[in-house]
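structure36.pdb (PDB, C-alpha atoms)
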ATOM      1  CA  MET A 201     -61.593 -38.998  11.919
ATOM      2  CA  ARG A 202     -61.751 -35.747   9.970
ATOM      3  CA  GLU A 203     -60.710 -37.474   6.725
ATOM      4  CA  PHE A 204     -63.217 -40.270   7.312
ATOM      5  CA  PHE A 205     -66.086 -37.903   8.074
ATOM      6  CA  LYS A 206     -65.269 -35.833   4.994
ATOM      7  CA  GLU A 207     -65.408 -38.981   2.871
ATOM      8  CA  LYS A 208     -68.725 -40.066   4.415
ATOM      9  CA  GLY A 209     -70.397 -36.652   4.204
ATOM     10  CA  ILE A 210     -70.536 -36.019   7.973
ATOM     11  CA  PRO A 211     -70.458 -32.234   8.676
ATOM     12  CA  ASN A 212     -66.876 -31.215   9.473
ATOM     13  CA  PRO A 213     -65.100 -27.940  10.273
ATOM     14  CA  LYS A 214     -62.322 -26.849   7.921
ATOM     15  CA  TYR A 215     -59.091 -28.420   9.123
ATOM     16  CA  ALA A 216     -55.476 -29.259   8.341
ATOM     17  CA  GLN A 217     -52.842 -31.508   9.908
ATOM     18  CA  ILE A 218     -49.314 -30.088   9.906
ATOM     19  CA  ASN A 219     -45.945 -30.092  11.695
ATOM     20  CA  ILE A 220     -45.118 -27.043  13.802
ATOM     21  CA  ASN A 221     -43.371 -24.787  11.316
ATOM     22  CA  LEU A 222     -44.268 -21.131  11.639
ATOM     23  CA  ASN A 223     -44.322 -20.214   7.948
ATOM     24  CA  ASN A 224     -46.283 -23.297   6.909
ATOM     25  CA  VAL A 225     -48.709 -22.953   9.811
ATOM     26  CA  LEU A 226     -49.354 -19.275   8.989
ATOM     27  CA  LEU A 227     -50.188 -20.142   5.393
ATOM     28  CA  ILE A 228     -52.619 -22.866   6.442
ATOM     29  CA  ALA A 229     -54.106 -20.680   9.188
ATOM     30  CA  GLU A 230     -54.845 -17.859   6.730
ATOM     31  CA  ALA A 231     -56.533 -20.337   4.363
ATOM     32  CA  ILE A 232     -58.759 -21.672   7.152
ATOM     33  CA  GLY A 233     -59.446 -18.243   8.625
ATOM     34  CA  PHE A 234     -59.540 -16.889  12.180
ATOM     35  CA  PRO A 235     -60.633 -17.649  14.844
ATOM     36  CA  GLN A 236     -59.415 -21.231  14.942
ATOM     37  CA  VAL A 237     -58.456 -24.027  17.298
ATOM     38  CA  ILE A 238     -55.076 -25.730  17.363
ATOM     39  CA  LYS A 239     -54.147 -28.866  19.293
ATOM     40  CA  PRO A 240     -51.552 -31.665  19.245
ATOM     41  CA  ILE A 241     -52.936 -34.656  17.359
ATOM     42  CA  LYS A 242     -52.090 -37.253  20.023
ATOM     43  CA  GLN A 243     -53.276 -35.556  23.192
ATOM     44  CA  GLY A 244     -56.497 -35.455  25.186
ATOM     45  CA  GLY A 245     -58.013 -33.714  28.184
ATOM     46  CA  GLN A 246     -57.454 -30.245  26.636
ATOM     47  CA  ARG A 247     -53.633 -30.559  26.874
ATOM     48  CA  GLY A 248     -52.093 -28.153  24.391
ATOM     49  CA  LEU A 249     -55.495 -26.866  23.250
ATOM     50  CA  PHE A 250     -55.656 -23.218  22.133
ATOM     51  CA  LYS A 251     -58.223 -20.909  20.606
ATOM     52  CA  VAL A 252     -56.431 -18.263  18.539
ATOM     53  CA  ARG A 253     -58.022 -15.141  17.072
ATOM     54  CA  ASN A 254     -55.155 -13.711  15.030
ATOM     55  CA  LYS A 255     -51.556 -14.297  13.878
ATOM     56  CA  GLU A 256     -50.055 -12.937  17.103
ATOM     57  CA  GLU A 257     -52.024 -15.360  19.288
ATOM     58  CA  LEU A 258     -51.165 -18.186  16.900
ATOM     59  CA  LYS A 259     -47.437 -17.453  17.231
ATOM     60  CA  GLU A 260     -47.743 -17.361  21.030
ATOM     61  CA  ALA A 261     -49.549 -20.721  21.047
ATOM     62  CA  LEU A 262     -46.916 -22.321  18.802
ATOM     63  CA  ASP A 263     -44.135 -20.994  21.060
ATOM     64  CA  GLN A 264     -45.833 -22.598  24.068
ATOM     65  CA  LEU A 265     -46.248 -25.910  22.253
ATOM     66  CA  LYS A 266     -42.597 -25.920  21.184
ATOM     67  CA  SER A 267     -41.478 -25.382  24.789
ATOM     68  CA  THR A 268     -43.329 -28.477  26.053
ATOM     69  CA  ASP A 269     -43.037 -32.219  25.581
ATOM     70  CA  LEU A 270     -46.230 -32.254  23.524
ATOM     71  CA  ASP A 271     -46.192 -33.648  19.993
ATOM     72  CA  GLN A 272     -44.821 -31.419  17.270
ATOM     73  CA  GLU A 273     -47.616 -32.376  14.879
ATOM     74  CA  ILE A 274     -50.826 -30.390  15.243
ATOM     75  CA  ILE A 275     -54.278 -30.088  13.766
ATOM     76  CA  ILE A 276     -55.681 -26.672  12.922
ATOM     77  CA  GLU A 277     -59.459 -26.437  12.827
ATOM     78  CA  GLU A 278     -61.980 -23.762  12.043
ATOM     79  CA  PHE A 279     -63.488 -22.480  15.294
ATOM     80  CA  LEU A 280     -67.161 -23.401  15.387
ATOM     81  CA  GLU A 281     -69.302 -20.755  17.057
ATOM     82  CA  GLY A 282     -72.075 -22.248  19.155
ATOM     83  CA  GLU A 283     -72.979 -24.196  22.272
ATOM     84  CA  GLU A 284     -71.371 -27.572  22.897
ATOM     85  CA  ILE A 285     -73.162 -30.764  23.872
ATOM     86  CA  ASN A 286     -72.295 -34.321  24.831
ATOM     87  CA  VAL A 287     -74.222 -37.272  23.478
ATOM     88  CA  VAL A 288     -74.079 -40.807  24.841
ATOM     89  CA  GLY A 289     -75.778 -43.401  22.660
ATOM     90  CA  LEU A 290     -76.350 -47.074  23.378
ATOM     91  CA  VAL A 291     -76.467 -49.004  20.087
ATOM     92  CA  ILE A 292     -77.798 -52.569  19.917
ATOM     93  CA  GLU A 293     -77.998 -54.452  16.620
ATOM     94  CA  GLY A 294     -77.421 -51.205  14.741
ATOM     95  CA  ARG A 295     -80.224 -49.275  16.433
ATOM     96  CA  THR A 296     -80.045 -46.615  19.147
ATOM     97  CA  LYS A 297     -81.809 -47.941  22.233
ATOM     98  CA  ALA A 298     -80.974 -45.144  24.688
ATOM     99  CA  LEU A 299     -79.640 -41.635  24.169
ATOM    100  CA  THR A 300     -78.731 -38.693  26.402
ATOM    101  CA  ILE A 301     -78.052 -35.181  25.120
ATOM    102  CA  SER A 302     -76.500 -32.889  27.725
ATOM    103  CA  GLU A 303     -74.975 -29.414  27.751
ATOM    104  CA  ARG A 304     -71.252 -28.808  28.309
ATOM    105  CA  ILE A 305     -71.179 -25.603  30.361
ATOM    106  CA  LYS A 306     -67.866 -23.724  30.451
ATOM    107  CA  ASP A 307     -66.500 -20.345  31.482
ATOM    108  CA  GLN A 308     -67.015 -17.813  28.722
ATOM    109  CA  TYR A 309     -63.539 -16.288  28.975
ATOM    110  CA  LYS A 310     -61.195 -18.719  30.764
ATOM    111  CA  SER A 311     -60.174 -22.377  30.584
ATOM    112  CA  PHE A 312     -60.967 -22.836  26.911
ATOM    113  CA  GLY A 313     -62.626 -26.175  26.228
ATOM    114  CA  VAL A 314     -62.748 -27.370  29.854
ATOM    115  CA  VAL A 315     -66.198 -28.267  31.172
ATOM    116  CA  GLN A 316     -67.339 -26.985  34.558
ATOM    117  CA  ARG A 317     -70.821 -28.504  34.456
ATOM    118  CA  HIS A 318     -72.698 -31.193  32.533
ATOM    119  CA  LEU A 319     -76.447 -30.567  32.460
ATOM    120  CA  TYR A 320     -79.146 -32.973  31.318
ATOM    121  CA  PRO A 321     -81.487 -32.610  29.547
ATOM    122  CA  ALA A 322     -80.153 -30.123  27.008
ATOM    123  CA  ASN A 323     -82.459 -27.138  26.614
ATOM    124  CA  TYR A 324     -83.016 -26.961  22.849
ATOM    125  CA  SER A 325     -85.952 -26.886  20.476
ATOM    126  CA  GLU A 326     -87.478 -30.113  19.219
ATOM    127  CA  GLU A 327     -86.095 -29.286  15.757
ATOM    128  CA  THR A 328     -82.528 -29.005  17.096
ATOM    129  CA  ILE A 329     -82.828 -32.225  19.125
ATOM    130  CA  LYS A 330     -84.040 -34.080  16.026
ATOM    131  CA  ALA A 331     -81.114 -32.680  14.010
ATOM    132  CA  VAL A 332     -78.681 -33.933  16.670
ATOM    133  CA  GLU A 333     -80.329 -37.360  16.687
ATOM    134  CA  LYS A 334     -80.113 -37.492  12.882
ATOM    135  CA  LEU A 335     -76.403 -36.613  12.992
ATOM    136  CA  VAL A 336     -75.787 -39.338  15.574
ATOM    137  CA  GLU A 337     -77.586 -41.901  13.396
ATOM    138  CA  ASP A 338     -75.492 -40.802  10.407
ATOM    139  CA  ILE A 339     -72.313 -41.343  12.435
ATOM    140  CA  ILE A 340     -73.485 -44.784  13.602
ATOM    141  CA  ASN A 341     -74.153 -45.788   9.996
ATOM    142  CA  ALA A 342     -70.885 -44.300   8.747
ATOM    143  CA  ILE A 343     -68.692 -46.174  11.246
ATOM    144  CA  GLU A 344     -70.917 -49.282  10.961
ATOM    145  CA  LEU A 345     -71.431 -49.533  14.703
ATOM    146  CA  LYS A 346     -73.604 -52.587  15.355
ATOM    147  CA  ASN A 347     -73.256 -53.117  19.099
ATOM    148  CA  GLY A 348     -71.535 -50.594  21.316
ATOM    149  CA  LEU A 349     -71.482 -47.153  22.883
ATOM    150  CA  LEU A 350     -71.079 -43.913  20.982
ATOM    151  CA  PHE A 351     -69.819 -40.740  22.665
ATOM    152  CA  PRO A 352     -69.875 -37.711  20.309
ATOM    153  CA  GLN A 353     -69.152 -34.132  21.286
ATOM    154  CA  ILE A 354     -71.135 -31.765  19.085
ATOM    155  CA  ILE A 355     -71.391 -28.005  18.494
ATOM    156  CA  ILE A 356     -74.791 -26.481  17.737
ATOM    157  CA  THR A 357     -73.878 -23.976  14.984
ATOM    158  CA  GLU A 358     -76.002 -21.658  12.858
ATOM    159  CA  LYS A 359     -75.686 -24.229  10.068
ATOM    160  CA  GLY A 360     -76.802 -27.080  12.312
ATOM    161  CA  PRO A 361     -74.984 -29.556  14.575
ATOM    162  CA  MET A 362     -71.352 -30.397  13.716
ATOM    163  CA  VAL A 363     -69.080 -33.016  15.262
ATOM    164  CA  ILE A 364     -66.028 -32.048  17.324
ATOM    165  CA  GLU A 365     -64.977 -35.634  18.057
ATOM    166  CA  ILE A 366     -66.340 -39.088  18.805
ATOM    167  CA  GLY A 367     -65.434 -42.033  20.978
ATOM    168  CA  ALA A 368     -66.875 -45.539  20.657
ATOM    169  CA  ARG A 369     -66.438 -46.462  24.310
ATOM    170  CA  VAL A 370     -67.650 -45.928  27.848
ATOM    171  CA  PRO A 371     -67.382 -42.129  28.292
ATOM    172  CA  GLY A 372     -65.112 -40.509  30.865
ATOM    173  CA  GLY A 373     -65.431 -37.181  32.641
ATOM    174  CA  ILE A 374     -68.361 -38.453  34.799
ATOM    175  CA  MET A 375     -70.484 -38.749  31.650
ATOM    176  CA  LYS A 376     -70.928 -42.458  32.425
ATOM    177  CA  GLU A 377     -72.613 -41.530  35.695
ATOM    178  CA  LEU A 378     -74.793 -38.904  34.034
ATOM    179  CA  PHE A 379     -76.059 -41.472  31.509
ATOM    180  CA  GLU A 380     -76.678 -44.068  34.233
ATOM    181  CA  TYR A 381     -78.705 -41.701  36.435
ATOM    182  CA  ALA A 382     -80.653 -40.434  33.410
ATOM    183  CA  THR A 383     -81.502 -43.889  31.992
ATOM    184  CA  GLY A 384     -80.917 -46.365  34.824
ATOM    185  CA  TYR A 385     -78.687 -48.613  32.677
ATOM    186  CA  ASP A 386     -75.328 -49.916  33.953
ATOM    187  CA  LEU A 387     -72.871 -49.014  31.184
ATOM    188  CA  LEU A 388     -69.942 -51.090  32.435
ATOM    189  CA  ASP A 389     -71.977 -54.291  32.561
ATOM    190  CA  ILE A 390     -73.297 -53.590  29.066
ATOM    191  CA  GLN A 391     -69.805 -52.872  27.710
ATOM    192  CA  ILE A 392     -68.397 -56.077  29.229
ATOM    193  CA  ASP A 393     -71.175 -58.143  27.669
ATOM    194  CA  PHE A 394     -70.624 -56.404  24.316
ATOM    195  CA  ALA A 395     -66.963 -57.422  24.547
ATOM    196  CA  LEU A 396     -67.914 -61.024  25.390
ATOM    197  CA  GLY A 397     -70.358 -61.239  22.515
ATOM    198  CA  GLU A 398     -73.343 -61.737  24.794
ATOM    199  CA  LYS A 399     -76.865 -61.029  23.590
ATOM    200  CA  ILE A 400     -77.992 -57.760  25.169
ATOM    201  CA  GLU A 401     -81.434 -57.881  26.760
ATOM    202  CA  LEU A 402     -81.621 -54.277  27.871
ATOM    203  CA  GLU A 403     -83.965 -54.542  30.835
ATOM    204  CA  LYS A 404     -81.583 -56.779  32.809
ATOM    205  CA  TYR A 405     -79.103 -53.863  32.922
ATOM    206  CA  LYS A 406     -81.609 -51.494  34.555
ATOM    207  CA  LYS A 407     -79.820 -51.163  37.899
ATOM    208  CA  TYR A 408     -80.466 -47.559  38.892
ATOM    209  CA  PRO A 409     -83.525 -45.346  39.267
ATOM    210  CA  SER A 410     -83.743 -42.923  36.337
ATOM    211  CA  PHE A 411     -84.328 -39.174  36.690
ATOM    212  CA  PRO A 412     -85.631 -36.491  34.309
ATOM    213  CA  ALA A 413     -82.717 -34.183  35.196
ATOM    214  CA  VAL A 414     -79.075 -34.766  36.148
ATOM    215  CA  THR A 415     -76.128 -32.436  36.588
ATOM    216  CA  VAL A 416     -72.431 -32.981  37.218
ATOM    217  CA  LYS A 417     -70.690 -29.958  38.738
ATOM    218  CA  PHE A 418     -66.878 -29.820  38.845
ATOM    219  CA  LEU A 419     -65.022 -27.868  41.529
ATOM    220  CA  SER A 420     -61.641 -26.264  40.863
ATOM    221  CA  ALA A 421     -59.679 -23.092  41.420
ATOM    222  CA  ASP A 422     -59.969 -20.091  39.057
ATOM    223  CA  PRO A 423     -62.402 -19.730  37.334
ATOM    224  CA  GLY A 424     -63.978 -22.066  39.896
ATOM    225  CA  SER A 425     -64.670 -21.153  43.505
ATOM    226  CA  LEU A 426     -61.879 -23.120  45.235
ATOM    227  CA  THR A 427     -58.598 -21.628  46.447
ATOM    228  CA  SER A 428     -55.379 -22.897  44.857
ATOM    229  CA  GLY A 429     -53.016 -24.766  47.137
ATOM    230  CA  ILE A 430     -52.264 -28.016  48.918
ATOM    231  CA  VAL A 431     -55.235 -29.416  50.821
ATOM    232  CA  ILE A 432     -54.446 -30.007  54.498
ATOM    233  CA  GLU A 433     -58.003 -30.564  55.685
ATOM    234  CA  HIS A 434     -61.494 -30.918  54.256
ATOM    235  CA  TYR A 435     -64.937 -31.354  55.716
ATOM    236  CA  GLY A 436     -68.573 -31.402  54.677
ATOM    237  CA  ILE A 437     -68.527 -34.269  52.148
ATOM    238  CA  GLU A 438     -70.458 -36.736  54.309
ATOM    239  CA  GLU A 439     -73.032 -34.078  55.182
ATOM    240  CA  VAL A 440     -73.477 -33.146  51.523
ATOM    241  CA  LEU A 441     -74.300 -36.748  50.643
ATOM    242  CA  LYS A 442     -77.246 -36.550  53.048
ATOM    243  CA  ILE A 443     -78.865 -33.807  50.949
ATOM    244  CA  PRO A 444     -81.783 -35.367  49.025
ATOM    245  CA  GLY A 445     -80.810 -35.573  45.366
ATOM    246  CA  ILE A 446     -77.018 -35.442  45.858
ATOM    247  CA  VAL A 447     -76.026 -38.949  44.738
ATOM    248  CA  LYS A 448     -72.252 -38.557  44.392
ATOM    249  CA  ALA A 449     -69.628 -36.246  45.880
ATOM    250  CA  ASP A 450     -66.064 -37.315  45.263
ATOM    251  CA  PHE A 451     -62.558 -36.359  44.169
ATOM    252  CA  PHE A 452     -62.137 -36.204  40.405
ATOM    253  CA  GLN A 453     -58.433 -37.008  40.587
ATOM    254  CA  ASP A 454     -56.448 -39.226  42.975
ATOM    255  CA  PRO A 455     -57.285 -37.646  46.364
ATOM    256  CA  ARG A 456     -53.763 -38.426  47.648
ATOM    257  CA  GLN A 457     -52.410 -35.640  45.418
ATOM    258  CA  LYS A 458     -54.512 -33.066  47.308
ATOM    259  CA  ILE A 459     -53.499 -30.177  45.053
ATOM    260  CA  ILE A 460     -56.108 -27.662  43.904
ATOM    261  CA  LYS A 461     -55.066 -25.912  40.693
ATOM    262  CA  PRO A 462     -56.445 -23.204  38.410
ATOM    263  CA  LEU A 463     -58.516 -24.800  35.670
ATOM    264  CA  LYS A 464     -56.431 -25.160  32.506
ATOM    265  CA  THR A 465     -57.031 -28.777  31.437
ATOM    266  CA  GLY A 466     -59.591 -31.438  32.257
ATOM    267  CA  ALA A 467     -57.153 -32.967  34.739
ATOM    268  CA  ASP A 468     -57.268 -29.787  36.872
ATOM    269  CA  ARG A 469     -60.830 -30.484  38.001
ATOM    270  CA  PHE A 470     -60.450 -31.382  41.684
ATOM    271  CA  PHE A 471     -63.853 -32.515  42.959
ATOM    272  CA  TYR A 472     -67.296 -33.188  41.550
ATOM    273  CA  LEU A 473     -70.927 -33.357  42.629
ATOM    274  CA  VAL A 474     -73.749 -35.278  40.935
ATOM    275  CA  ALA A 475     -77.310 -34.105  41.577
ATOM    276  CA  VAL A 476     -80.542 -35.669  40.327
ATOM    277  CA  GLY A 477     -84.096 -34.386  40.304
ATOM    278  CA  GLN A 478     -87.169 -33.505  38.315
ATOM    279  CA  SER A 479     -85.912 -30.394  36.520
ATOM    280  CA  ARG A 480     -82.765 -28.587  35.390
ATOM    281  CA  GLU A 481     -83.412 -25.776  37.856
ATOM    282  CA  GLU A 482     -83.745 -28.213  40.747
ATOM    283  CA  VAL A 483     -80.472 -30.053  40.114
ATOM    284  CA  ILE A 484     -78.545 -26.810  39.569
ATOM    285  CA  GLU A 485     -79.842 -25.458  42.885
ATOM    286  CA  LYS A 486     -78.963 -28.679  44.732
ATOM    287  CA  SER A 487     -75.426 -28.856  43.371
ATOM    288  CA  ASP A 488     -74.783 -25.163  44.071
ATOM    289  CA  ARG A 489     -76.060 -25.576  47.636
ATOM    290  CA  ALA A 490     -73.905 -28.667  48.150
ATOM    291  CA  GLU A 491     -70.805 -26.857  46.877
ATOM    292  CA  LYS A 492     -71.182 -24.196  49.580
ATOM    293  CA  GLN A 493     -71.210 -26.847  52.321
ATOM    294  CA  ILE A 494     -67.857 -28.410  51.367
ATOM    295  CA  ASN A 495     -64.716 -26.748  52.664
ATOM    296  CA  PHE A 496     -61.109 -27.395  51.627
ATOM    297  CA  THR A 497     -58.433 -25.822  53.836
ATOM    298  CA  VAL A 498     -55.273 -25.196  51.806
ATOM    299  CA  THR A 499     -51.722 -23.935  52.209
ATOM    300  CA  PRO A 500     -50.199 -21.944  49.347
ATOM    301  CA  PRO A 501     -48.490 -24.303  46.837
ATOM    302  CA  THR A 502     -44.680 -24.312  46.785
TER     303      THR A 502
END
When written as C-alpha cells, how does the structure in this file appear?
Amino acid sequence: MREFFKEKGIPNPKYAQININLNNVLLIAEAIGFPQVIKPIKQGGQRGLFKVRNKEELKEALDQLKSTDLDQEIIIEEFLEGEEINVVGLVIEGRTKALTISERIKDQYKSFGVVQRHLYPANYSEETIKAVEKLVEDIINAIELKNGLLFPQIIITEKGPMVIEIGARVPGGIMKELFEYATGYDLLDIQIDFALGEKIELEKYKKYPSFPAVTVKFLSADPGSLTSGIVIEHYGIEEVLKIPGIVKADFFQDPRQKIIKPLKTGADRFFYLVAVGQSREEVIEKSDRAEKQINFTVTPPT
C-alpha cells in the first residue's frame, strides 16, 4: 500500500519495511526520525503496535516483538501528529454515492491506537472536510475502484489529511453499523450484490432510518470504566435498550469468553453501545448514561 500510494502521489508518511535486526532498525529509525510507529506487517487489530519516542523505547518494543509469535518483519512509519478519522465510502460506477466521516476517539496516554469511541459527524471545518473528500476521491481513482466499499483511516495533520491505511470491504469495528444508522443503507446487501454483479439501485437498500448523529462507545477495563476479571453476572442490558436512542447494546467479542481485560488491542474491547440522535452532544450523553446502567460482576482473573 505504501509503495503504491507513493507511486500514485497519495500523501504518505515516511516509512520503511525491515526485518527485526537492532542495528539495521536503529539506522532506519534515525533516518525517519522520532517519534515513530512500528508494527508487524501481517497483523491487525493493534497487535504488536507501538509508538516509540526514542532509541530506548524502540529497543524495548523490539524486545517485546521478538518474545512473541508475531512476524519478524516490521514496518517503521513516521508518527503523524493529529486527530484520526474513519471514512466509509460507497462507490457505484466510479462515483461516491454515500460517505461518512467520523472521529476515532482514543485515550491520550494509554492503549495506543485503540478506539474507545466512534463519533459521527466529525467536527471539522468545511475546508478540512473537503480536503478529506478530495483525498478519498484520489484514492478511489488510484485503485480504480468502480463498484465497492472504501474504508480509509486518515490523520488530519498540519499539512492536510494523510492516509494511515485503507480497506476495500465492509468495515469492522462496528463501523458498518455507524454507516447504516447515519445513511440508512444496508451495507451487507449492497456488498453481496456487488459480488454478484447486480446493478445497484441505491434506494432499494434503504432499510434503516438515518440520523444526523451516531456514536459507538466501547466498554473495557483500564483505561475504560470496567473492572478486569471473569464475568459471573451482568444486568441492565435489556433496560438500556429501552432508552430512546440506544439502538444496540451488545458484546463486542464472543460473550461466552466473559473476560474483561485492560485495553491493549482492539480485541480487548468487551462491550459496545450504539446511540443515535440529532446532535453529537445528544448521542454522547445517551451512551454515557447507558453505560452507567449496565453492571458486570467479576471475579479476579486467575
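Applied to this file, the PyMOL selection byres ((chain A and resi 431) around 8) selects the residues Gly429, Ile430, Ile432, Glu433, His434, Lys458, Ile459, Ile460, Phe496, Thr497, Val498 and Thr499 of chain A.
Omitting range 287-295 of chain A and its sequence neighbours fewer than 3 positions away, and counting all atoms listed in the file, the residues within 6 Å are A:Ala298, A:Leu299, A:Thr300, A:Ile301, A:Lys346, A:Asn347, A:Gly348, A:Leu349, A:Leu350, A:Phe351, A:Pro352.
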Once you have the residues from the selection above, write them out as a PDB file, keeping the file's coordinate frame, restricted to C-alpha atoms.
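part_1.pdb, written as the output of this step:
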ATOM      1  CA  ALA A 298     -80.974 -45.144  24.688  1.00  0.00           C
ATOM      2  CA  LEU A 299     -79.640 -41.635  24.169  1.00  0.00           C
ATOM      3  CA  THR A 300     -78.731 -38.693  26.402  1.00  0.00           C
ATOM      4  CA  ILE A 301     -78.052 -35.181  25.120  1.00  0.00           C
ATOM      5  CA  LYS A 346     -73.604 -52.587  15.355  1.00  0.00           C
ATOM      6  CA  ASN A 347     -73.256 -53.117  19.099  1.00  0.00           C
ATOM      7  CA  GLY A 348     -71.535 -50.594  21.316  1.00  0.00           C
ATOM      8  CA  LEU A 349     -71.482 -47.153  22.883  1.00  0.00           C
ATOM      9  CA  LEU A 350     -71.079 -43.913  20.982  1.00  0.00           C
ATOM     10  CA  PHE A 351     -69.819 -40.740  22.665  1.00  0.00           C
ATOM     11  CA  PRO A 352     -69.875 -37.711  20.309  1.00  0.00           C
TER      12      PRO A 352
END
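Taking CA of Glu327 in chain A and CA of Ile343 in chain A as the two end points, the separation is 24.7 Å.
Note that the spacing between CA of Lys266 in chain A and CA of Phe312 in chain A amounts to 19.5 Å.
The gap separating CA of Pro211 in chain A from CA of Pro235 in chain A is 18.6 Å, in Å to one decimal.
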- So which one's closest to Phe279 in chain A, A:Lys306, A:Thr328, A:Glu358, A:Lys214? Using all atoms listed in the file, please. A:Lys214
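Within the file as shown, the PyMOL selection byres ((chain A and resi 330-336) around 8) identifies Ile210, Glu326, Glu327, Thr328, Ile329, Glu337, Asp338, Ile339, Ile340, Pro352, Gly360 and Pro361 of chain A.
Those residues returned by the PyMOL selection byres ((chain A and resi 355) around 8) for this file are Leu280, Glu281, Gly282, Glu283, Glu284, Ile285, Gln353, Ile354, Ile356, Thr357, Pro361, Met362, Val363 and Ile364 of chain A.
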- Task: Give me the residues within 12 Å of Asn223 in chain A as JSON, numbers by chain, counting all atoms listed in the file and dropping any in the same chain fewer than 4 places off.
- Result: {"A": [218, 219, 227, 228, 229, 230, 255, 258, 259, 262]}
- Message: Neighbouring residues of Lys404 in chain A were defined as those with any atom within 10 Å, considering only C-alpha atoms; residues of the same chain fewer than 6 positions away were excluded. Please report them as a PyMOL selection string.
- Response: chain A and resi 385-386+389-390
Could those selected residues go to a file with C-alpha atoms, as a short mmCIF file (atom, residue, chain, number, x, y, z; two decimals), keeping the file's coordinate frame?
data_model
loop_
_atom_site.label_atom_id
_atom_site.label_comp_id
_atom_site.auth_asym_id
_atom_site.auth_seq_id
_atom_site.Cartn_x
_atom_site.Cartn_y
_atom_site.Cartn_z
CA TYR A 385 -78.69 -48.61 32.68
CA ASP A 386 -75.33 -49.92 33.95
CA ASP A 389 -71.98 -54.29 32.56
CA ILE A 390 -73.30 -53.59 29.07
#
- Message: For range 475-487 of chain A, find every residue with an atom within 12 Å (counting only C-alpha atoms), except residues of its own chain fewer than 3 positions away, and show them as a ChimeraX atom specification.
- Response: /A:302-303,305,317-323,377-383,408-419,440-449,472,490-494
